[in-house]
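Worksheet: one structure, shown below.
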Amino acid sequence: MLDRKTFTLHVRTVLLAAAALGCLAASQVRAQTKEPIRIGIISEESAIAGAGISRAAQIAMDEINAAGGVDGRKVEIVQYDDHNSAADAVRAFQRAVSQDKVVGVIGTYITEIALALQPWSARTHVPFITTGAASNEISRHVHDDYDKNKYTFHEYMASPFIADSVCDSVKLWLQTKYSIKSAVVLSEDAAWTTPLDAEYLECLPKVGVTVLDHVRFSPDTSDFTPLYNKIEGEKPDVIVTGWSHIGVQPTVQWAQQQVPIPIIGISSQATSGTFWKDTNGAAAGIVTFSVASDGANLTPVTQPFVDAYIKRFGEPPPYPGFTTVDAVHVFVEAVRRAGSTDGDKLVTALEQTDYIGTVGRVQFYGRDSLFTHAMKYGPTFAPGIALQWQDGKQVPLWPKAAPNAKLKFPAFTHLQPPKG
Amino acid sequence: MLAVQILVDGFAISALYGLGAVGFTLMFGVSGVLNLSHGATMVVAAVTAWVVAGQHAGSPWLAALAGTGAGVATAFATYFLVVRPIQRSRSVPAAEKEIFVLTGTLLWGIMIQEAVAYFYTDNPKTVQPLIAGVMQIGGVRTPINELLIAVICWTVIGLLWLLVNRTKAGKVLLAASINPRALTILGFELSRVYLLVWTIYGVLAGIAGVLLATFLGASSAQASQLTASAFSIVVLGGLGSVTGSLFAAYVVGYLETLTAYLISPAYRTVPALVLVVLVVYFRPHGLLGRR
């Protein structure tokens, strides 16, 4: 029989041991359930481009977590649908920060929404990366009031760069094959096309293309016949576009009415893999700018991402898919570099970004640039590509053409080979 | 040449407007229902045709048939799930039934619109034209499909005229629109008359939706705009008057086309809407309305 003293001793030992074990177990549990790094994704889920943002973010999250996360912490995507409304997007941002405790927000392909989120990113000191909006207003705000707006990054081509890329492709590629001396600029009336068109009007004449007319139309236009009718009367060699909110309808009507003028420029909806199906093949011959595509092979990670996306979602990614998968990686790398999720430290770390992504080498312009925190454009950074829809496929043609790929405009269009 | 272009373009679009509005006005005339899910019904037809066309490439007629079927199915769903329960409800006072039906169909339309956007995105869908290619009319390059649309619209409207004026079922419809109570006293089941009018409505809206998808393309985001356009045409022509609606469809169609060509496509709908306001102000029963 145990005497009372020994019993007490035993109890003490057991209790101590239990307490020690308990502490150990608790610390183990803590190590396993380290708070995940939460990233908010805000996009319009019912649009092809918007859905591409959240889908690409999921792929990036799985890649990062499969590789062990960030210092043992998992990355978690918190997804919000903004229904293409700035008010909904702002509410989502507030909720993401105050309730869901995200440490960064990525999203939106719409300039108006990116501009609405920018001040909230400034107020909350939570970094925000837009991966599809184009207007250079976004980075200009960062340039003009750096201390306030430095939390915003623009990881997509700013509108003037898109226009430059289109002009470069005309000069270095299209004019070697066809005589292109005149154009009509046909853009939707939206914030992102204002700087785009301004740059078109400047860079096209520099490559020897006279701009015969500059037409802007409301994004709710459904019948494009009057516009095509007017443009045809002006007899340009090409129509240079700035289309994003619209795309399917003008393309289908162009093909149905057999408008004899080829369409080049940027048509965001045509960067989506479903565009051929959406237009029932009317897309044949449409040339558009994009940041990457199936077969573009800009970097070693471009095609593996396209393949993973197709495997998971059954179709190739639209343009913001590429920039978003890159942005999630860029953000997570910044967290790793900063060793913290503090907003100011993250901004410094993001500014040091040098990442080989699906769209090229990702770096951001610095404070001295007019495009502060916008993604660098150029052959050694993100070059942008030109692709053409042919037989149900997007064929990348410039700057690097897919093997055996050739420019092919529909029979109803007329373009002459260059003279001399 | 511009004049010919306006004539041709305006004719096709007006025929399409007419077809869309006729079912809408017939429904009001016969059963007193203003179906505000009209645009959503057209969009469902258009998107269904697009889905079927995607699965069975090369058979646009099958897709058109499926789209029309979807129009009828949506019309029935609207009637059985929304309109009839309100009409039969005892807790809704008789005097407020019309307003309940209006609100009910409006919300129902938004639900359909959101569902279509959720499953198929709100990017516009287009269906391959039934006949591809173009032809010259007075020096104007016109898609054959545009002419075909006008022909189909007028054939369907002609068939509707025959149905209403030359068949017994049609005469019952007419009678129901004039004096439903007398019709019940004569031993006709009003519920059957309503079922017939919803079927006709579904076919008309379905065909209009499919044709729209082959012509300009249709998106779920357009649903409310399509309802508004049918609504203003019907108000302009006189609520319940089929001839008035057809006449108004051409007035609106040509006014829009003229504006788009001569002023700017951006102001396309403005003059027609101003006209609707003026008509409601000075001639509230519409151009050819009977009340």
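Within each chain, counting starts at residue 1; across the structure tokens, chains are named A, B, ... in the order shown, with ligands numbered 1 upward in that order.
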
Within 10 Å of chain A, which residues of chain B show up? Give each one with its shortest atom-to-atom distance in Å (one decimal) and the two atoms involved, counting only C-alpha atoms, rows by chain then rising residue number, as CSV.
residue,atom,partner,partner_atom,distance
B:Leu2,CA,A:Asn229,CA,8.8
B:Gln5,CA,A:Asn229,CA,8.8
B:Ile6,CA,A:Pro226,CA,8.8
B:Asp9,CA,A:Thr225,CA,8.3
B:Ile13,CA,A:Asp223,CA,9.5
B:Trp50,CA,A:Asp278,CA,8.2
B:Val51,CA,A:Lys277,CA,9.8
B:Ala53,CA,A:Asn280,CA,8.8
B:Gly54,CA,A:Lys277,CA,7.1
B:Ala57,CA,A:Asn280,CA,9.2
B:Glu114,CA,A:Ser46,CA,8.9
B:Ala115,CA,A:Ser46,CA,9.9
B:Val116,CA,A:Ser46,CA,9.2
B:Ala117,CA,A:Ser46,CA,5.6
B:Tyr118,CA,A:Ser46,CA,5.6
B:Phe119,CA,A:Ser46,CA,7.9
B:Tyr120,CA,A:Ser46,CA,7.6
B:Thr121,CA,A:Ser46,CA,4.3
B:Asp122,CA,A:Ser46,CA,5.9
B:Asn123,CA,A:Ala47,CA,6.3
B:Pro124,CA,A:Val248,CA,6.3
B:Lys125,CA,A:Asp278,CA,5.6
B:Thr126,CA,A:Thr279,CA,5.9
B:Val127,CA,A:Asn280,CA,6.6
B:Gln128,CA,A:Asn280,CA,6.0
B:Pro129,CA,A:Gln256,CA,8.3
B:Ala132,CA,A:Gln256,CA,7.3
B:Gly133,CA,A:Gln256,CA,6.9
B:Val134,CA,A:Gln257,CA,6.7
B:Met135,CA,A:Gln257,CA,9.6
B:Val140,CA,A:Asn229,CA,9.8
B:Arg141,CA,A:Gln257,CA,7.1
B:Thr142,CA,A:Gln257,CA,6.6
B:Pro143,CA,A:Gln257,CA,5.5
B:Ile144,CA,A:Gln256,CA,9.0
B:Asn145,CA,A:Gln256,CA,8.4
B:Glu146,CA,A:Gln256,CA,9.5
B:Ala213,CA,A:Gln249,CA,9.6
B:Thr214,CA,A:Val252,CA,9.1
B:Phe215,CA,A:Gln253,CA,7.7
B:Leu216,CA,A:Asp223,CA,6.1
B:Gly217,CA,A:Gln249,CA,5.9
B:Ala218,CA,A:Gln249,CA,8.5
B:Ser219,CA,A:Gln249,CA,9.8
B:Ala221,CA,A:Asp220,CA,9.7
B:Gln222,CA,A:Asp220,CA,8.8
B:Thr257,CA,A:Pro226,CA,8.2
B:Leu258,CA,A:Pro226,CA,9.6
B:Thr259,CA,A:Pro226,CA,9.8
B:Ala260,CA,A:Pro226,CA,6.3
B:Tyr261,CA,A:Pro226,CA,5.4
B:Leu262,CA,A:Pro226,CA,8.9
B:Ser264,CA,A:Pro226,CA,8.5
B:Pro265,CA,A:Pro226,CA,7.1
B:Ala266,CA,A:Ser218,CA,5.6
B:Tyr267,CA,A:Ser218,CA,9.1
B:Arg268,CA,A:Thr221,CA,8.7

Region 92-248 of chain B: which residues are strand (DSSP E) by DSSP, as a PDB file with C-alpha atoms, in the first residue's frame?
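Here's the written file selection_22.pdb:
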ATOM      1  CA  VAL B 134     -23.783  37.763 -98.222  1.00  0.00           C
ATOM      2  CA  MET B 135     -25.657  39.160-101.235  1.00  0.00           C
ATOM      3  CA  GLN B 136     -25.806  42.544-102.917  1.00  0.00           C
ATOM      4  CA  ILE B 137     -29.039  44.532-102.596  1.00  0.00           C
ATOM      5  CA  VAL B 140     -25.280  47.093-100.356  1.00  0.00           C
ATOM      6  CA  ARG B 141     -23.553  43.970 -99.055  1.00  0.00           C
ATOM      7  CA  THR B 142     -26.200  42.277 -96.914  1.00  0.00           C
ATOM      8  CA  PRO B 143     -25.805  39.038 -94.957  1.00  0.00           C
TER       9      PRO B 143
END

Among the residues A:Leu346, A:Ile162, A:Ala190, A:Ala411, the one that comes closest to Val103 (chain A) [using only C-alpha atoms]: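 Distance minimum relative to Val103 (chain A) lands on A:Leu346.
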
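Between Ala223 (chain B) and the residues B:Ser91, B:Gln113, B:Thr78, B:Ser14, the shortest atom-to-atom distance, using only C-alpha atoms, involves B:Gln113.
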
Alpha helix (DSSP H) residues, from DSSP on the backbone, in region 52-272 of chain B, as a PDB file with C-alpha atoms, in the first residue's frame:
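Just written: out-v2.pdb:
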ATOM      1  CA  VAL B  52     -26.767  22.727 -78.547  1.00  0.00           C
ATOM      2  CA  ALA B  53     -24.923  24.190 -81.524  1.00  0.00           C
ATOM      3  CA  GLY B  54     -21.661  23.643 -79.640  1.00  0.00           C
ATOM      4  CA  GLN B  55     -22.500  19.976 -79.054  1.00  0.00           C
ATOM      5  CA  PRO B  60     -27.966  25.062 -86.891  1.00  0.00           C
ATOM      6  CA  TRP B  61     -31.588  24.009 -87.405  1.00  0.00           C
ATOM      7  CA  LEU B  62     -31.409  21.531 -84.530  1.00  0.00           C
ATOM      8  CA  ALA B  63     -29.942  24.282 -82.362  1.00  0.00           C
ATOM      9  CA  ALA B  64     -32.718  26.666 -83.406  1.00  0.00           C
ATOM     10  CA  LEU B  65     -35.332  24.038 -82.564  1.00  0.00           C
ATOM     11  CA  ALA B  66     -33.773  23.390 -79.145  1.00  0.00           C
ATOM     12  CA  GLY B  67     -33.633  27.131 -78.469  1.00  0.00           C
ATOM     13  CA  THR B  68     -37.301  27.562 -79.326  1.00  0.00           C
ATOM     14  CA  GLY B  69     -38.127  24.582 -77.106  1.00  0.00           C
ATOM     15  CA  ALA B  70     -36.226  26.218 -74.268  1.00  0.00           C
ATOM     16  CA  GLY B  71     -38.275  29.393 -74.836  1.00  0.00           C
ATOM     17  CA  VAL B  72     -41.509  27.405 -74.403  1.00  0.00           C
ATOM     18  CA  ALA B  73     -40.134  25.582 -71.346  1.00  0.00           C
ATOM     19  CA  THR B  74     -39.152  28.902 -69.741  1.00  0.00           C
ATOM     20  CA  ALA B  75     -42.578  30.364 -70.511  1.00  0.00           C
ATOM     21  CA  PHE B  76     -44.268  27.362 -68.849  1.00  0.00           C
ATOM     22  CA  ALA B  77     -41.959  27.623 -65.851  1.00  0.00           C
ATOM     23  CA  ARG B  84     -50.388  31.051 -61.637  1.00  0.00           C
ATOM     24  CA  PRO B  85     -49.564  30.741 -57.925  1.00  0.00           C
ATOM     25  CA  ILE B  86     -49.999  34.518 -57.598  1.00  0.00           C
ATOM     26  CA  GLN B  87     -53.228  34.523 -59.621  1.00  0.00           C
ATOM     27  CA  ARG B  88     -54.671  31.711 -57.487  1.00  0.00           C
ATOM     28  CA  LYS B  97     -52.573  40.790 -58.210  1.00  0.00           C
ATOM     29  CA  GLU B  98     -51.308  42.672 -61.248  1.00  0.00           C
ATOM     30  CA  ILE B  99     -48.610  44.407 -59.246  1.00  0.00           C
ATOM     31  CA  PHE B 100     -47.625  41.085 -57.661  1.00  0.00           C
ATOM     32  CA  VAL B 101     -47.365  39.484 -61.103  1.00  0.00           C
ATOM     33  CA  LEU B 102     -45.247  42.409 -62.308  1.00  0.00           C
ATOM     34  CA  THR B 103     -42.873  42.143 -59.333  1.00  0.00           C
ATOM     35  CA  GLY B 104     -42.877  38.360 -59.443  1.00  0.00           C
ATOM     36  CA  THR B 105     -41.939  38.153 -63.131  1.00  0.00           C
ATOM     37  CA  LEU B 106     -39.357  40.923 -62.703  1.00  0.00           C
ATOM     38  CA  LEU B 107     -37.595  39.011 -59.902  1.00  0.00           C
ATOM     39  CA  TRP B 108     -37.981  35.721 -61.764  1.00  0.00           C
ATOM     40  CA  GLY B 109     -36.316  37.322 -64.775  1.00  0.00           C
ATOM     41  CA  ILE B 110     -33.386  38.470 -62.634  1.00  0.00           C
ATOM     42  CA  MET B 111     -33.069  34.953 -61.192  1.00  0.00           C
ATOM     43  CA  ILE B 112     -32.936  33.440 -64.682  1.00  0.00           C
ATOM     44  CA  GLN B 113     -30.462  36.082 -65.816  1.00  0.00           C
ATOM     45  CA  GLU B 114     -28.138  35.413 -62.860  1.00  0.00           C
ATOM     46  CA  ALA B 115     -28.412  31.652 -63.356  1.00  0.00           C
ATOM     47  CA  VAL B 116     -27.455  31.956 -67.028  1.00  0.00           C
ATOM     48  CA  ALA B 117     -24.540  34.241 -66.092  1.00  0.00           C
ATOM     49  CA  TYR B 118     -23.424  31.785 -63.408  1.00  0.00           C
ATOM     50  CA  PHE B 119     -23.367  28.745 -65.663  1.00  0.00           C
ATOM     51  CA  TYR B 120     -22.454  30.257 -69.016  1.00  0.00           C
ATOM     52  CA  ILE B 144     -28.348  36.522 -96.303  1.00  0.00           C
ATOM     53  CA  ASN B 145     -29.087  35.695 -92.688  1.00  0.00           C
ATOM     54  CA  GLU B 146     -30.475  39.199 -92.194  1.00  0.00           C
ATOM     55  CA  LEU B 147     -32.994  38.669 -94.982  1.00  0.00           C
ATOM     56  CA  LEU B 148     -33.805  35.221 -93.667  1.00  0.00           C
ATOM     57  CA  ILE B 149     -34.542  36.723 -90.245  1.00  0.00           C
ATOM     58  CA  ALA B 150     -37.019  39.161 -91.782  1.00  0.00           C
ATOM     59  CA  VAL B 151     -38.671  36.333 -93.756  1.00  0.00           C
ATOM     60  CA  ILE B 152     -38.912  34.036 -90.713  1.00  0.00           C
ATOM     61  CA  CYS B 153     -40.302  36.821 -88.527  1.00  0.00           C
ATOM     62  CA  TRP B 154     -42.989  37.742 -91.025  1.00  0.00           C
ATOM     63  CA  THR B 155     -43.872  34.095 -91.704  1.00  0.00           C
ATOM     64  CA  VAL B 156     -44.314  33.463 -87.987  1.00  0.00           C
ATOM     65  CA  ILE B 157     -46.339  36.654 -87.565  1.00  0.00           C
ATOM     66  CA  GLY B 158     -48.481  35.603 -90.570  1.00  0.00           C
ATOM     67  CA  LEU B 159     -49.061  32.182 -89.059  1.00  0.00           C
ATOM     68  CA  LEU B 160     -50.057  33.845 -85.793  1.00  0.00           C
ATOM     69  CA  TRP B 161     -52.566  36.003 -87.686  1.00  0.00           C
ATOM     70  CA  LEU B 162     -54.048  32.880 -89.305  1.00  0.00           C
ATOM     71  CA  LEU B 163     -54.213  31.151 -85.934  1.00  0.00           C
ATOM     72  CA  VAL B 164     -55.996  34.030 -84.249  1.00  0.00           C
ATOM     73  CA  ASN B 165     -58.392  34.900 -87.055  1.00  0.00           C
ATOM     74  CA  ARG B 166     -59.042  31.605 -88.807  1.00  0.00           C
ATOM     75  CA  LYS B 168     -61.494  28.189 -83.311  1.00  0.00           C
ATOM     76  CA  ALA B 169     -58.735  28.253 -80.721  1.00  0.00           C
ATOM     77  CA  GLY B 170     -57.708  31.659 -82.002  1.00  0.00           C
ATOM     78  CA  LYS B 171     -61.226  33.011 -81.765  1.00  0.00           C
ATOM     79  CA  VAL B 172     -61.388  31.823 -78.182  1.00  0.00           C
ATOM     80  CA  LEU B 173     -58.185  33.779 -77.549  1.00  0.00           C
ATOM     81  CA  LEU B 174     -59.726  36.892 -79.058  1.00  0.00           C
ATOM     82  CA  ALA B 175     -62.876  36.403 -77.003  1.00  0.00           C
ATOM     83  CA  ALA B 176     -60.815  36.011 -73.848  1.00  0.00           C
ATOM     84  CA  SER B 177     -59.103  39.292 -74.540  1.00  0.00           C
ATOM     85  CA  ILE B 178     -62.452  41.069 -74.988  1.00  0.00           C
ATOM     86  CA  PRO B 180     -63.083  36.681 -70.213  1.00  0.00           C
ATOM     87  CA  ARG B 181     -66.091  36.443 -67.908  1.00  0.00           C
ATOM     88  CA  ALA B 182     -68.505  35.852 -70.779  1.00  0.00           C
ATOM     89  CA  LEU B 183     -66.201  33.161 -72.065  1.00  0.00           C
ATOM     90  CA  THR B 184     -66.391  31.319 -68.732  1.00  0.00           C
ATOM     91  CA  ILE B 185     -70.161  31.581 -68.757  1.00  0.00           C
ATOM     92  CA  LEU B 190     -60.008  29.986 -68.950  1.00  0.00           C
ATOM     93  CA  SER B 191     -57.013  28.018 -67.653  1.00  0.00           C
ATOM     94  CA  ARG B 192     -56.792  26.262 -71.012  1.00  0.00           C
ATOM     95  CA  VAL B 193     -56.909  29.552 -72.840  1.00  0.00           C
ATOM     96  CA  TYR B 194     -54.063  30.808 -70.652  1.00  0.00           C
ATOM     97  CA  LEU B 195     -52.041  27.676 -71.309  1.00  0.00           C
ATOM     98  CA  LEU B 196     -52.480  28.231 -75.054  1.00  0.00           C
ATOM     99  CA  VAL B 197     -51.405  31.858 -74.858  1.00  0.00           C
ATOM    100  CA  TRP B 198     -48.320  30.967 -72.799  1.00  0.00           C
ATOM    101  CA  THR B 199     -47.401  28.302 -75.369  1.00  0.00           C
ATOM    102  CA  ILE B 200     -47.735  30.776 -78.234  1.00  0.00           C
ATOM    103  CA  TYR B 201     -45.781  33.325 -76.224  1.00  0.00           C
ATOM    104  CA  GLY B 202     -42.999  30.811 -75.526  1.00  0.00           C
ATOM    105  CA  VAL B 203     -42.676  29.892 -79.209  1.00  0.00           C
ATOM    106  CA  LEU B 204     -42.528  33.564 -80.274  1.00  0.00           C
ATOM    107  CA  ALA B 205     -40.027  34.603 -77.597  1.00  0.00           C
ATOM    108  CA  GLY B 206     -37.977  31.466 -78.278  1.00  0.00           C
ATOM    109  CA  ILE B 207     -37.734  32.120 -82.012  1.00  0.00           C
ATOM    110  CA  ALA B 208     -36.945  35.787 -81.400  1.00  0.00           C
ATOM    111  CA  GLY B 209     -34.166  34.805 -78.964  1.00  0.00           C
ATOM    112  CA  VAL B 210     -32.594  32.322 -81.376  1.00  0.00           C
ATOM    113  CA  LEU B 211     -32.746  34.784 -84.278  1.00  0.00           C
ATOM    114  CA  LEU B 212     -31.181  37.478 -82.104  1.00  0.00           C
ATOM    115  CA  ALA B 213     -28.315  35.085 -81.317  1.00  0.00           C
ATOM    116  CA  THR B 214     -27.713  34.481 -85.028  1.00  0.00           C
ATOM    117  CA  PHE B 215     -27.865  38.196 -85.810  1.00  0.00           C
ATOM    118  CA  ALA B 223     -32.009  40.569 -70.550  1.00  0.00           C
ATOM    119  CA  SER B 224     -33.407  43.693 -68.931  1.00  0.00           C
ATOM    120  CA  GLN B 225     -32.631  45.765 -72.019  1.00  0.00           C
ATOM    121  CA  LEU B 226     -34.600  43.299 -74.163  1.00  0.00           C
ATOM    122  CA  THR B 227     -37.545  43.476 -71.761  1.00  0.00           C
ATOM    123  CA  ALA B 228     -37.393  47.266 -71.800  1.00  0.00           C
ATOM    124  CA  SER B 229     -37.301  47.365 -75.583  1.00  0.00           C
ATOM    125  CA  ALA B 230     -40.336  45.048 -75.906  1.00  0.00           C
ATOM    126  CA  PHE B 231     -42.089  47.029 -73.204  1.00  0.00           C
ATOM    127  CA  SER B 232     -41.541  50.402 -74.874  1.00  0.00           C
ATOM    128  CA  ILE B 233     -42.600  49.052 -78.276  1.00  0.00           C
ATOM    129  CA  VAL B 234     -45.778  47.646 -76.757  1.00  0.00           C
ATOM    130  CA  VAL B 235     -46.539  50.859 -74.877  1.00  0.00           C
ATOM    131  CA  LEU B 236     -45.895  52.868 -78.027  1.00  0.00           C
ATOM    132  CA  GLY B 237     -48.176  50.672 -80.106  1.00  0.00           C
ATOM    133  CA  VAL B 242     -50.912  43.300 -81.984  1.00  0.00           C
ATOM    134  CA  THR B 243     -51.100  45.559 -85.062  1.00  0.00           C
ATOM    135  CA  GLY B 244     -50.029  48.497 -82.933  1.00  0.00           C
ATOM    136  CA  SER B 245     -47.001  46.572 -81.682  1.00  0.00           C
ATOM    137  CA  LEU B 246     -45.914  45.647 -85.210  1.00  0.00           C
ATOM    138  CA  PHE B 247     -46.308  49.234 -86.333  1.00  0.00           C
ATOM    139  CA  ALA B 248     -44.401  50.491 -83.285  1.00  0.00           C
ATOM    140  CA  ALA B 249     -41.654  47.906 -83.833  1.00  0.00           C
ATOM    141  CA  TYR B 250     -41.007  49.443 -87.239  1.00  0.00           C
ATOM    142  CA  VAL B 251     -41.142  52.978 -85.896  1.00  0.00           C
ATOM    143  CA  VAL B 252     -38.619  52.120 -83.175  1.00  0.00           C
ATOM    144  CA  GLY B 253     -36.451  49.952 -85.456  1.00  0.00           C
ATOM    145  CA  TYR B 254     -36.117  52.612 -88.146  1.00  0.00           C
ATOM    146  CA  LEU B 255     -35.731  55.455 -85.672  1.00  0.00           C
ATOM    147  CA  GLU B 256     -32.840  53.569 -84.039  1.00  0.00           C
ATOM    148  CA  THR B 257     -31.216  52.670 -87.351  1.00  0.00           C
ATOM    149  CA  LEU B 258     -31.504  56.234 -88.638  1.00  0.00           C
ATOM    150  CA  THR B 259     -29.954  57.575 -85.443  1.00  0.00           C
ATOM    151  CA  ALA B 260     -27.153  55.015 -85.511  1.00  0.00           C
ATOM    152  CA  TYR B 261     -26.232  55.812 -89.120  1.00  0.00           C
ATOM    153  CA  LEU B 262     -26.860  59.532 -89.293  1.00  0.00           C
ATOM    154  CA  VAL B 270     -32.442  57.869 -77.304  1.00  0.00           C
ATOM    155  CA  PRO B 271     -34.953  59.219 -79.887  1.00  0.00           C
ATOM    156  CA  ALA B 272     -37.172  56.136 -79.586  1.00  0.00           C
TER     157      ALA B 272
END

Work out how far CA of Ala92 (chain A) is from CA of Gln79 (chain A), in Å to one decimal.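 Value for the CA of Gln79 (chain A)-CA of Ala92 (chain A) distance: 9.1 Å.
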
Exercise: Leu397 (chain A) partners within 7 Å, only C-alpha atoms, chain neighbours under 6 positions left out, as JSON, numbers by chain: {"A": [386, 387, 405]}

Would you mind exporting C-alpha atoms of the selected residues as a compact mmCIF listing (two decimals), in the first residue's frame?
# COMPACT_ATOMS: atom_id res chain seq x y z
CA ALA A 386 0.50 38.96 -81.11
CA LEU A 387 -1.63 35.94 -81.83
CA ALA A 405 2.77 29.15 -88.22

Thr108 (chain A) surroundings by only C-alpha atoms, 7 Å radius, close-in-sequence under 6 positions cut, as a PyMOL selection string: chain A and resi 42-43+50+114+130-133

Can you work out the spacing between CA of Ala46 (chain B) and CA of Gly20 (chain B) in Å, to one decimal? 12.8 Å

Between CA of Thr124 (chain A) and CA of Gly69 (chain A) - distance in Å to one decimal: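 Interatomic distance here is 25.2 Å.
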
Determine, counting only C-alpha atoms, which protein, DNA and RNA residues have an atom within 12 Å of an atom of Ala308 (chain A); residues of the same chain fewer than 6 positions away are not included. Present the result as number ranges by chain. A: 55-56, 58-60, 62-63, 294, 301-302, 314-317, 321-322, 325

Counting only C-alpha atoms, the option among A:Gly265, A:Tyr200, A:Gly233, A:Arg337 closest to Met1 (chain B):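 Nearest to Met1 (chain B): A:Gly233.
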
Exercise: Arg140 (chain A) partners within 8 Å, only C-alpha atoms, chain neighbours under 6 positions left out, as number ranges by chain: A: 370-372
